[in-house]
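Just protein36.cif here, mmCIF, C-alpha atoms and all ligand atoms:
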data_my_file
loop_
_atom_site.label_atom_id
_atom_site.label_comp_id
_atom_site.auth_asym_id
_atom_site.auth_seq_id
_atom_site.Cartn_x
_atom_site.Cartn_y
_atom_site.Cartn_z
CA MET A 28 -118.84 -17.97 1.40
CA GLN A 29 -117.93 -20.54 4.05
CA LYS A 30 -118.07 -18.60 7.30
CA ARG A 31 -115.78 -19.35 10.20
CA SER A 32 -117.75 -20.37 13.32
CA VAL A 33 -116.41 -18.43 16.28
CA ILE A 34 -117.08 -18.55 20.02
CA PHE A 35 -116.04 -15.28 21.61
CA ASP A 36 -115.00 -15.38 25.27
CA HIS A 37 -114.34 -11.89 26.63
CA ASP A 38 -113.96 -10.27 30.02
CA GLY A 39 -115.58 -6.90 29.69
CA SER A 40 -112.79 -4.33 29.51
CA ALA A 41 -113.10 -1.49 26.98
CA ASP A 42 -111.02 -3.26 24.35
CA ASP A 43 -113.02 -6.48 24.75
CA PHE A 44 -116.03 -4.52 23.50
CA LEU A 45 -114.03 -3.03 20.65
CA SER A 46 -113.16 -6.62 19.76
CA LEU A 47 -116.85 -7.48 19.74
CA ILE A 48 -117.52 -4.58 17.37
CA LEU A 49 -114.79 -5.87 15.04
CA LEU A 50 -116.03 -9.47 15.16
CA LEU A 51 -119.56 -8.34 14.35
CA SER A 52 -118.20 -6.53 11.30
CA MET A 53 -116.27 -9.47 9.83
CA PRO A 54 -118.11 -10.83 6.77
CA ASP A 55 -116.54 -14.29 7.01
CA VAL A 56 -117.08 -14.75 10.75
CA GLU A 57 -120.20 -16.12 12.36
CA ILE A 58 -120.31 -15.62 16.13
CA ILE A 59 -122.05 -18.78 17.36
CA GLY A 60 -121.87 -17.87 21.05
CA ILE A 61 -120.47 -15.32 23.46
CA SER A 62 -119.09 -16.18 26.89
CA ILE A 63 -118.37 -13.50 29.47
CA THR A 64 -115.68 -14.18 32.07
CA PRO A 65 -116.05 -12.17 35.30
CA ALA A 66 -112.40 -11.12 35.29
CA ASP A 67 -111.61 -7.55 34.16
CA CYS A 68 -115.26 -6.57 34.78
CA TYR A 69 -118.25 -6.92 37.05
CA ILE A 70 -120.45 -9.39 35.28
CA GLU A 71 -123.72 -7.42 35.43
CA ASN A 72 -122.17 -4.41 33.72
CA ALA A 73 -120.29 -6.42 31.10
CA LEU A 74 -123.42 -8.39 30.28
CA GLU A 75 -125.36 -5.14 29.87
CA THR A 76 -122.78 -3.70 27.46
CA THR A 77 -122.65 -6.94 25.49
CA LEU A 78 -126.45 -6.98 25.13
CA LYS A 79 -126.51 -3.32 24.11
CA LEU A 80 -123.90 -3.82 21.41
CA LEU A 81 -125.69 -6.89 20.04
CA GLU A 82 -128.93 -4.93 19.98
CA ARG A 83 -127.26 -2.04 18.21
CA ALA A 84 -125.77 -4.42 15.61
CA GLY A 85 -129.09 -6.21 15.08
CA LYS A 86 -127.58 -9.48 16.35
CA SER A 87 -129.52 -10.02 19.59
CA GLU A 88 -130.10 -13.65 18.70
CA ILE A 89 -126.49 -14.57 19.57
CA GLU A 90 -126.58 -16.69 22.72
CA ILE A 91 -124.61 -15.57 25.77
CA GLY A 92 -123.12 -17.64 28.60
CA ILE A 93 -121.87 -16.36 31.95
CA GLY A 94 -118.69 -17.60 33.58
CA ASN A 95 -119.26 -18.59 37.20
CA PHE A 96 -115.66 -19.44 37.98
CA HIS A 97 -113.60 -16.71 39.64
CA GLY A 98 -109.84 -16.79 39.15
CA ILE A 99 -107.26 -16.97 41.91
CA ASN A 100 -105.92 -13.48 41.28
CA ALA A 101 -108.68 -10.86 41.11
CA PHE A 102 -108.36 -7.87 38.80
CA PRO A 103 -108.16 -4.43 40.46
CA SER A 104 -111.69 -3.15 41.22
CA HIS A 105 -111.27 0.16 39.41
CA TRP A 106 -110.52 -1.71 36.18
CA ARG A 107 -113.48 -3.99 36.71
CA ALA A 108 -115.81 -1.02 37.06
CA LYS A 109 -115.02 0.41 33.59
CA PRO A 110 -118.14 -0.90 31.82
CA LYS A 111 -120.23 1.15 34.24
CA VAL A 112 -118.91 4.23 32.41
CA ILE A 113 -119.40 2.61 29.03
CA ASN A 114 -123.06 1.81 29.74
CA ALA A 115 -123.65 5.44 30.67
CA LEU A 116 -122.32 6.83 27.37
CA PRO A 117 -125.00 8.80 25.49
CA SER A 118 -124.89 6.30 22.61
CA LEU A 119 -125.66 3.30 24.84
CA ILE A 120 -127.57 4.62 27.84
CA GLY A 121 -130.92 4.62 26.05
CA ILE A 122 -130.77 1.04 24.76
CA GLU A 123 -133.05 -1.02 27.00
CA VAL A 124 -131.90 -4.60 27.64
CA GLU A 125 -132.77 -7.39 30.07
CA GLY A 126 -129.46 -8.17 31.71
CA ASN A 127 -129.91 -10.37 34.77
CA PRO A 128 -126.87 -12.70 34.82
CA THR A 129 -128.73 -15.40 36.78
CA GLN A 130 -131.04 -15.91 33.80
CA PHE A 131 -128.20 -16.84 31.46
CA ILE A 132 -126.64 -20.26 31.17
CA ASP A 133 -123.19 -21.08 32.45
CA SER A 134 -120.32 -20.45 30.01
CA VAL A 135 -119.03 -24.00 30.29
CA GLU A 136 -122.41 -25.32 29.21
CA LEU A 137 -122.65 -22.79 26.37
CA ILE A 138 -119.17 -23.56 25.05
CA THR A 139 -119.74 -27.32 25.23
CA ARG A 140 -123.12 -27.24 23.51
CA LYS A 141 -122.05 -24.80 20.78
CA ILE A 142 -118.95 -26.82 19.93
CA LEU A 143 -120.76 -30.15 19.85
CA SER A 144 -123.67 -28.85 17.77
CA SER A 145 -121.55 -27.04 15.19
CA ASN A 146 -121.29 -28.61 11.74
CA ASP A 147 -117.74 -27.45 11.27
CA PRO A 148 -114.72 -27.03 13.58
CA VAL A 149 -115.03 -24.04 15.88
CA THR A 150 -112.59 -21.20 16.44
CA ILE A 151 -112.30 -19.89 19.99
CA MET A 152 -111.41 -16.21 20.30
CA MET A 153 -110.43 -15.36 23.89
CA THR A 154 -109.75 -11.82 25.06
CA GLY A 155 -109.86 -12.62 28.77
CA PRO A 156 -108.71 -15.58 30.87
CA CYS A 157 -109.06 -19.10 29.47
CA SER A 158 -110.88 -20.72 32.43
CA ASN A 159 -114.25 -21.43 30.79
CA LEU A 160 -112.73 -23.23 27.83
CA VAL A 161 -110.40 -25.27 30.03
CA HIS A 162 -113.22 -26.23 32.39
CA ALA A 163 -115.31 -27.33 29.40
CA ILE A 164 -112.48 -29.50 28.06
CA ARG A 165 -111.83 -30.97 31.52
CA GLU A 166 -115.45 -32.13 31.59
CA ASN A 167 -115.53 -33.30 27.99
CA ALA A 168 -112.19 -34.16 26.39
CA ASP A 169 -113.86 -34.83 23.04
CA LEU A 170 -114.31 -31.07 22.50
CA VAL A 171 -110.65 -30.80 21.53
CA HIS A 172 -111.34 -32.64 18.25
CA HIS A 173 -113.91 -30.04 17.20
CA ILE A 174 -111.76 -26.97 17.81
CA GLU A 175 -109.98 -25.52 14.80
CA GLU A 176 -107.93 -22.85 16.49
CA VAL A 177 -107.75 -21.03 19.82
CA ILE A 178 -106.68 -17.40 19.56
CA TRP A 179 -105.75 -15.92 22.90
CA MET A 180 -104.77 -12.42 23.89
CA GLY A 181 -102.45 -13.46 26.64
CA GLY A 182 -98.88 -13.90 27.75
CA ALA A 183 -95.56 -12.07 27.66
CA PHE A 184 -92.74 -14.20 26.23
CA ASP A 185 -89.66 -12.04 25.61
CA VAL A 186 -90.93 -8.86 27.29
CA PRO A 187 -91.93 -7.90 30.87
CA GLY A 188 -95.47 -8.72 32.00
CA ASN A 189 -98.11 -6.19 33.11
CA VAL A 190 -99.02 -7.54 36.55
CA ALA A 191 -97.97 -5.17 39.34
CA THR A 192 -99.12 -6.56 42.66
CA TYR A 193 -98.03 -8.16 45.91
CA ASN A 194 -95.97 -11.35 45.91
CA HIS A 195 -95.37 -11.19 42.19
CA ASN A 196 -92.29 -10.36 40.15
CA GLY A 197 -94.03 -8.70 37.19
CA THR A 198 -93.28 -11.38 34.61
CA ALA A 199 -96.90 -12.33 33.86
CA GLU A 200 -99.65 -10.85 31.70
CA TRP A 201 -103.00 -10.40 33.47
CA ASN A 202 -105.21 -12.75 31.44
CA VAL A 203 -102.86 -15.62 32.24
CA PHE A 204 -102.28 -14.51 35.85
CA TRP A 205 -106.01 -14.49 36.76
CA ASP A 206 -106.15 -18.29 36.54
CA PRO A 207 -102.63 -19.61 35.92
CA ILE A 208 -103.64 -23.18 36.76
CA SER A 209 -106.12 -23.36 33.88
CA ALA A 210 -103.66 -21.56 31.61
CA LYS A 211 -101.03 -24.23 32.22
CA ASP A 212 -103.61 -26.93 31.52
CA LEU A 213 -104.68 -25.28 28.25
CA LEU A 214 -101.30 -26.18 26.78
CA LYS A 215 -101.74 -29.88 27.47
CA TYR A 216 -104.52 -30.63 25.02
CA GLY A 217 -102.62 -30.40 21.73
CA LEU A 218 -104.83 -27.55 20.49
CA ASN A 219 -103.77 -25.15 17.73
CA ILE A 220 -103.08 -22.16 19.95
CA VAL A 221 -102.26 -18.71 18.65
CA PHE A 222 -100.97 -16.38 21.34
CA VAL A 223 -101.19 -12.65 20.79
CA PRO A 224 -99.03 -11.62 23.77
CA LEU A 225 -97.62 -8.34 25.01
CA ASP A 226 -94.63 -8.94 22.70
CA ALA A 227 -96.95 -7.94 19.83
CA THR A 228 -99.46 -5.67 21.58
CA ASN A 229 -96.72 -3.39 22.98
CA ASP A 230 -96.39 -2.10 19.42
CA VAL A 231 -99.95 -0.78 19.34
CA PRO A 232 -100.81 1.74 22.07
CA VAL A 233 -104.06 3.69 22.06
CA SER A 234 -102.58 6.99 20.89
CA MET A 235 -104.11 10.46 20.79
CA ASP A 236 -103.13 10.73 17.10
CA PHE A 237 -105.12 7.61 16.29
CA LEU A 238 -108.11 8.83 18.31
CA LYS A 239 -107.98 12.20 16.51
CA GLU A 240 -107.99 10.49 13.15
CA LEU A 241 -110.86 8.25 14.19
CA ALA A 242 -112.83 11.27 15.42
CA ASN A 243 -112.64 12.77 11.93
CA HIS A 244 -114.94 9.93 10.88
CA ARG A 245 -117.44 10.20 13.69
CA GLU A 246 -120.39 10.49 11.33
CA HIS A 247 -120.04 6.69 11.13
CA GLN A 248 -121.80 5.15 14.14
CA TRP A 249 -119.14 2.54 14.92
CA ALA A 250 -116.25 4.99 14.59
CA ASP A 251 -118.12 7.33 16.94
CA LEU A 252 -118.80 4.60 19.48
CA ALA A 253 -115.29 3.15 19.30
CA GLY A 254 -113.81 6.61 19.86
CA GLN A 255 -115.94 6.97 22.99
CA PHE A 256 -114.86 3.53 24.29
CA TRP A 257 -111.21 4.32 23.73
CA ALA A 258 -111.58 7.72 25.41
CA THR A 259 -112.47 5.89 28.66
CA THR A 260 -109.02 4.23 28.61
CA ILE A 261 -106.91 7.35 28.57
CA ASP A 262 -106.61 7.58 32.37
CA THR A 263 -104.68 4.31 32.77
CA ILE A 264 -102.75 4.78 35.97
CA PRO A 265 -98.97 5.14 36.15
CA ALA A 266 -98.56 2.20 38.54
CA TYR A 267 -99.36 0.05 35.54
CA GLU A 268 -98.59 0.80 31.92
CA TYR A 269 -99.33 4.55 31.70
CA ILE A 270 -100.91 3.61 28.40
CA TYR A 271 -103.77 1.36 27.43
CA PHE A 272 -102.82 -0.84 24.52
CA MET A 273 -104.92 -2.33 21.75
CA TRP A 274 -104.48 -5.72 23.40
CA ASP A 275 -107.73 -7.49 22.52
CA VAL A 276 -108.31 -5.43 19.42
CA LEU A 277 -105.03 -6.65 17.96
CA ALA A 278 -105.75 -10.27 18.88
CA THR A 279 -109.18 -10.12 17.24
CA SER A 280 -107.76 -8.52 14.10
CA TYR A 281 -105.84 -11.73 13.50
CA LEU A 282 -109.05 -13.19 12.09
CA ALA A 283 -109.26 -10.42 9.48
CA ILE A 284 -105.62 -9.58 8.70
CA PRO A 285 -103.53 -12.66 9.61
CA ASN A 286 -100.82 -11.69 7.13
CA ALA A 287 -100.08 -8.49 9.02
CA PHE A 288 -98.55 -10.56 11.85
CA VAL A 289 -95.10 -12.04 12.26
CA PHE A 290 -95.36 -15.35 14.11
CA GLU A 291 -92.87 -17.65 15.71
CA SER A 292 -93.71 -21.30 16.34
CA MET A 293 -92.27 -22.45 19.62
CA GLU A 294 -92.52 -24.94 22.43
CA VAL A 295 -93.96 -23.17 25.45
CA ASP A 296 -94.93 -23.57 29.07
CA ILE A 297 -96.68 -21.57 31.79
CA GLU A 298 -95.77 -21.12 35.46
CA ALA A 299 -98.79 -22.06 37.57
CA VAL A 300 -97.71 -20.91 41.05
CA GLY A 301 -95.20 -18.73 42.92
CA PRO A 302 -93.86 -15.23 42.22
CA SER A 303 -93.88 -15.88 38.44
CA ALA A 304 -97.41 -17.34 38.40
CA GLY A 305 -98.91 -16.79 34.96
CA ARG A 306 -95.58 -16.29 33.24
CA THR A 307 -95.49 -17.68 29.70
CA VAL A 308 -92.10 -19.05 28.70
CA ARG A 309 -90.30 -20.66 25.81
CA LYS A 310 -89.46 -24.23 26.77
CA GLU A 311 -87.73 -26.53 24.34
CA GLY A 312 -88.72 -30.13 24.87
CA SER A 313 -92.10 -29.28 26.47
CA ASN A 314 -93.77 -30.72 23.39
CA GLN A 315 -96.44 -28.02 23.78
CA PHE A 316 -96.35 -26.12 20.53
CA ALA A 317 -97.88 -22.71 19.99
CA LYS A 318 -97.89 -20.01 17.35
CA VAL A 319 -96.84 -16.77 19.01
CA ALA A 320 -97.35 -13.31 17.49
CA MET A 321 -94.15 -11.32 17.92
CA ASN A 322 -94.83 -8.31 15.68
CA VAL A 323 -97.49 -6.69 13.60
CA ASN A 324 -97.41 -4.36 10.64
CA LYS A 325 -98.79 -1.31 12.42
CA GLU A 326 -99.82 0.55 9.30
CA THR A 327 -101.88 -2.39 8.03
CA PHE A 328 -103.45 -2.77 11.45
CA TYR A 329 -104.41 0.88 12.01
CA ASP A 330 -105.69 1.12 8.40
CA TYR A 331 -107.79 -1.97 8.98
CA LEU A 332 -109.32 -0.40 12.09
CA ILE A 333 -110.18 2.89 10.40
CA ASN A 334 -111.60 1.11 7.33
CA THR A 335 -113.71 -1.27 9.38
CA LEU A 336 -115.11 1.37 11.70
CA THR A 337 -116.04 3.68 8.83
CA THR A 338 -117.98 1.25 6.64
O1 LIG A 401 -103.45 -7.61 29.85
C1 LIG A 401 -104.29 -7.14 28.89
C2 LIG A 401 -105.74 -7.57 29.13
C3 LIG A 401 -106.56 -7.39 27.86
O2 LIG A 401 -107.41 -8.51 27.66
N1 LIG A 401 -106.51 -6.80 30.15
C4 LIG A 401 -107.00 -5.61 29.43
C5 LIG A 401 -107.35 -6.11 28.04
O3 LIG A 401 -108.75 -6.29 27.93
C6 LIG A 401 -105.94 -6.58 31.46
C7 LIG A 401 -105.24 -5.25 31.71
C8 LIG A 401 -103.89 -4.97 31.68
N2 LIG A 401 -103.69 -3.64 31.97
C9 LIG A 401 -104.91 -3.07 32.16
C10 LIG A 401 -105.91 -4.05 32.00
C11 LIG A 401 -105.33 -1.73 32.47
N3 LIG A 401 -104.46 -0.74 32.64
N4 LIG A 401 -106.66 -1.50 32.58
C12 LIG A 401 -107.56 -2.49 32.42
N5 LIG A 401 -107.22 -3.78 32.13
CA CA A 402 -109.79 -8.43 28.01
#
Take the structure in the file and give it back as structure tokens.
Amino acid sequence: MQKRSVIFDHDGSADDFLSLILLLSMPDVEIIGISITPADCYIENALETTLKLLERAGKSEIEIGIGNFHGINAFPSHWRAKPKVINALPSLIGIEVEGNPTQFIDSVELITRKILSSNDPVTIMMTGPCSNLVHAIRENADLVHHIEEVIWMGGAFDVPGNVATYNHNGTAEWNVFWDPISAKDLLKYGLNIVFVPLDATNDVPVSMDFLKELANHREHQWADLAGQFWATTIDTIPAYEYIYFMWDVLATSYLAIPNAFVFESMEVDIEAVGPSAGRTVRKEGSNQFAKVAMNVNKETFYDYLINTLTT
């Protein structure tokens, strides 16, 4: 089987780690590198969780890069601290790993080297901001020719955003808002971009019914662990969504169940500054084409999750 070479760039929230679990389970995906963006996490904690999961999956050889760029709009600290809880879960606390971020290479270097040394075109799966990839392309424009597809959990096209903060009008999604300048640039390179925005992820909340069903299968180690990760998301505060969605989990599932999605191809743009900074918009004539997920077949998606986590 020809495996798809994937670089995974995540930013350490609970669903980013669920995405990692899914990616590790995909028979036709080879993770050729992992980059961690210090966005929805504190880097030390996110690195520790990443190392623990790789250890648990027997995939410790996968190389990790650390993002050293910090976006313009910082994530709220109480979100960033979530992996602290995750690392303390009984299933992970005992796994000993060496997680000093200063001993890992920079993400931009990792992304560049992995793309240039790959024999086949590389897929970039991003479940956090896009800064590392954009910085790599800014330094080396040739990378674009070796990238098959960029899948990004980000944006809110025909629905409200999820940013609730000062000097902003709420039209942006957080992964775009963190570094809207890079996000706008990402569209300029003619890449095959697949957005999995809030338009699609709003359909898939983390629900108690789903967690109950998953818990029925907790004799399987990944179902057990995933249930614990999701349990840490249940206290999402009312000032934001009230509910934690399967944002990154849905985006990652695209690699396994692409036919479950309804896409629209459109010309798009991104606001870089001002009260709508980070807003993703339709823009005819922009000549920046993207494939945007608008809907997903929920039953197929939830079945896929249960099946994957129980085998
Ligand atoms: O906007 C969704 C992105 C996803 O990549 N992240 C969380 C997911 O990992 C930011 C975010 C939005 N609302 C949040 C977020 C919340 N209530 N808690 C933590 N992160
Ligand atoms: Ca994320």
From A:Asn114, A:Ser292, A:Asn159, A:Thr192, residue lying nearest Gln315 of chain A [only C-alpha atoms]: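 Closest residue, counting only C-alpha atoms: A:Ser292.
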All residues having an atom within 7 Å of ligand LIG 401 (chain A) (all atoms listed in the file) as a PyMOL selection string: chain A and resi 38+40-43+67+106+154-155+180-181+189+200-202+263-264+267-268+271+274-275
Selection to disk with C-alpha atoms, as a tab-separated table (two decimals), in the coordinates of the input:
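The new file part06.tsv reads:
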chain	number	residue	atom	x	y	z
A	38	ASP	CA	-113.96	-10.27	30.02
A	40	SER	CA	-112.79	-4.33	29.51
A	41	ALA	CA	-113.10	-1.49	26.98
A	42	ASP	CA	-111.02	-3.26	24.35
A	43	ASP	CA	-113.02	-6.48	24.75
A	67	ASP	CA	-111.61	-7.55	34.16
A	106	TRP	CA	-110.52	-1.71	36.18
A	154	THR	CA	-109.75	-11.82	25.06
A	155	GLY	CA	-109.86	-12.62	28.77
A	180	MET	CA	-104.77	-12.42	23.89
A	181	GLY	CA	-102.45	-13.46	26.64
A	189	ASN	CA	-98.11	-6.19	33.11
A	200	GLU	CA	-99.65	-10.85	31.70
A	201	TRP	CA	-103.00	-10.40	33.47
A	202	ASN	CA	-105.21	-12.75	31.44
A	263	THR	CA	-104.68	4.31	32.77
A	264	ILE	CA	-102.75	4.78	35.97
A	267	TYR	CA	-99.36	0.05	35.54
A	268	GLU	CA	-98.59	0.80	31.92
A	271	TYR	CA	-103.77	1.36	27.43
A	274	TRP	CA	-104.48	-5.72	23.40
A	275	ASP	CA	-107.73	-7.49	22.52
Show which residues sit within 9 Å of Trp249 of chain A, as an mmCIF file with C-alpha atoms, in the coordinates of the input. Count only C-alpha atoms, and ignore same-chain residues fewer than 5 positions away.
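The result, written out as result-v8.cif:
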data_model
loop_
_atom_site.group_PDB
_atom_site.id
_atom_site.type_symbol
_atom_site.label_atom_id
_atom_site.label_comp_id
_atom_site.auth_asym_id
_atom_site.auth_seq_id
_atom_site.Cartn_x
_atom_site.Cartn_y
_atom_site.Cartn_z
ATOM 1 C CA ILE A 48 -117.520 -4.580 17.370
ATOM 2 C CA GLY A 254 -113.810 6.610 19.860
ATOM 3 C CA THR A 335 -113.710 -1.270 9.380
ATOM 4 C CA LEU A 336 -115.110 1.370 11.700
ATOM 5 C CA THR A 337 -116.040 3.680 8.830
ATOM 6 C CA THR A 338 -117.980 1.250 6.640
#
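Among the candidates A:Glu75, A:Asp251, A:Glu82, A:Glu88, the one nearest to Val112 of chain A when counting only C-alpha atoms is A:Glu75.
With distances taken over all atoms listed in the file, A:Trp257 is the one residue among A:Asn167, A:Ala210, A:Leu51, A:Trp257 lying closest to Pro110 of chain A.
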Selected residue, from A:His173, A:Val223, A:Ala66, A:Glu71, that lies nearest to Gly126 of chain A when counting all atoms listed in the file: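 Going through A:His173, A:Val223, A:Ala66, A:Glu71 one by one, the smallest distance to Gly126 of chain A is for A:Glu71.
Checking A:Leu143, A:Ile61, A:Met273, A:Ala84 one by one against Gln248 of chain A, counting all atoms listed in the file, you find the shortest gap at A:Ala84.
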Between atom CA of His162 of chain A and atom CA of Gly217 of chain A, distance in Å (one decimal):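 Going from atom CA of His162 of chain A over to atom CA of Gly217 of chain A covers 15.6 Å.
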Pick from A:Asp169, A:Asp262, A:Glu90, A:Glu175 nearest to Gln130 of chain A, counting only C-alpha atoms: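 Of A:Asp169, A:Asp262, A:Glu90, A:Glu175, the one nearest Gln130 of chain A, counting only C-alpha atoms, is A:Glu90.
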Å distance separating atom CA of Ala320 of chain A from atom CA of Glu291 of chain A, one decimal place: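 Distance reported for this atom pair: 6.5 Å.
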Coordinates-based distance that separates atom CA of Phe35 of chain A from atom CA of His172 of chain A (Å, one decimal): 18.3 Å
Residues of segment 104-221 of chain A within 12 Å of segment 229-237 of chain A: nearest atom pair and distance (Å, one decimal) for each, counting only C-alpha atoms, sorted by chain and number, as a Markdown table?
| residue | atom | partner | partner_atom | distance |
| --- | --- | --- | --- | --- |
| A:Gly182 | CA | A:Asn229 | CA | 11.7 |
| A:Ala183 | CA | A:Asn229 | CA | 9.9 |
| A:Phe184 | CA | A:Asn229 | CA | 12.0 |
| A:Asp185 | CA | A:Asn229 | CA | 11.5 |
| A:Val186 | CA | A:Asn229 | CA | 9.1 |
| A:Pro187 | CA | A:Asn229 | CA | 10.3 |
| A:Gly188 | CA | A:Asn229 | CA | 10.6 |
| A:Asn189 | CA | A:Asn229 | CA | 10.6 |
| A:Glu200 | CA | A:Asn229 | CA | 11.8 |
Output for the residues just chosen: C-alpha atoms as a PDB file, keeping the file's coordinate frame:
ATOM      1  CA  GLY A 182     -98.880 -13.900  27.750  1.00  0.00           C
ATOM      2  CA  ALA A 183     -95.560 -12.070  27.660  1.00  0.00           C
ATOM      3  CA  PHE A 184     -92.740 -14.200  26.230  1.00  0.00           C
ATOM      4  CA  ASP A 185     -89.660 -12.040  25.610  1.00  0.00           C
ATOM      5  CA  VAL A 186     -90.930  -8.860  27.290  1.00  0.00           C
ATOM      6  CA  PRO A 187     -91.930  -7.900  30.870  1.00  0.00           C
ATOM      7  CA  GLY A 188     -95.470  -8.720  32.000  1.00  0.00           C
ATOM      8  CA  ASN A 189     -98.110  -6.190  33.110  1.00  0.00           C
ATOM      9  CA  GLU A 200     -99.650 -10.850  31.700  1.00  0.00           C
TER      10      GLU A 200
END
Polymer residues at most 8 Å from Phe328 of chain A, only C-alpha atoms, same-chain spacing of 4 or more positions, as JSON, numbers by chain: {"A": [277, 280, 284, 287, 323, 324, 332]}
Expected residue set, 8 Å radius at (-102.1, -15.5, 36.5), only C-alpha atoms, as a PyMOL selection string: chain A and resi 99-100+199-208+210+299+304-306
Dump as a PDB file, keeping the file's coordinate frame, selection limited to C-alpha atoms:
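Done, and the output landed in out.pdb:
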ATOM      1  CA  ILE A  99    -107.260 -16.970  41.910  1.00  0.00           C
ATOM      2  CA  ASN A 100    -105.920 -13.480  41.280  1.00  0.00           C
ATOM      3  CA  ALA A 199     -96.900 -12.330  33.860  1.00  0.00           C
ATOM      4  CA  GLU A 200     -99.650 -10.850  31.700  1.00  0.00           C
ATOM      5  CA  TRP A 201    -103.000 -10.400  33.470  1.00  0.00           C
ATOM      6  CA  ASN A 202    -105.210 -12.750  31.440  1.00  0.00           C
ATOM      7  CA  VAL A 203    -102.860 -15.620  32.240  1.00  0.00           C
ATOM      8  CA  PHE A 204    -102.280 -14.510  35.850  1.00  0.00           C
ATOM      9  CA  TRP A 205    -106.010 -14.490  36.760  1.00  0.00           C
ATOM     10  CA  ASP A 206    -106.150 -18.290  36.540  1.00  0.00           C
ATOM     11  CA  PRO A 207    -102.630 -19.610  35.920  1.00  0.00           C
ATOM     12  CA  ILE A 208    -103.640 -23.180  36.760  1.00  0.00           C
ATOM     13  CA  ALA A 210    -103.660 -21.560  31.610  1.00  0.00           C
ATOM     14  CA  ALA A 299     -98.790 -22.060  37.570  1.00  0.00           C
ATOM     15  CA  ALA A 304     -97.410 -17.340  38.400  1.00  0.00           C
ATOM     16  CA  GLY A 305     -98.910 -16.790  34.960  1.00  0.00           C
ATOM     17  CA  ARG A 306     -95.580 -16.290  33.240  1.00  0.00           C
TER      18      ARG A 306
END
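For Met293 of chain A, the non-local neighbours within 10 Å, defined as residues at least 4 positions apart in the same chain or in other chains and counting only C-alpha atoms, are Val308, Arg309, Lys310, Glu311, Gly312, Ser313, Asn314, Gln315, Phe316, Ala317, Lys318 and Val319 of chain A.
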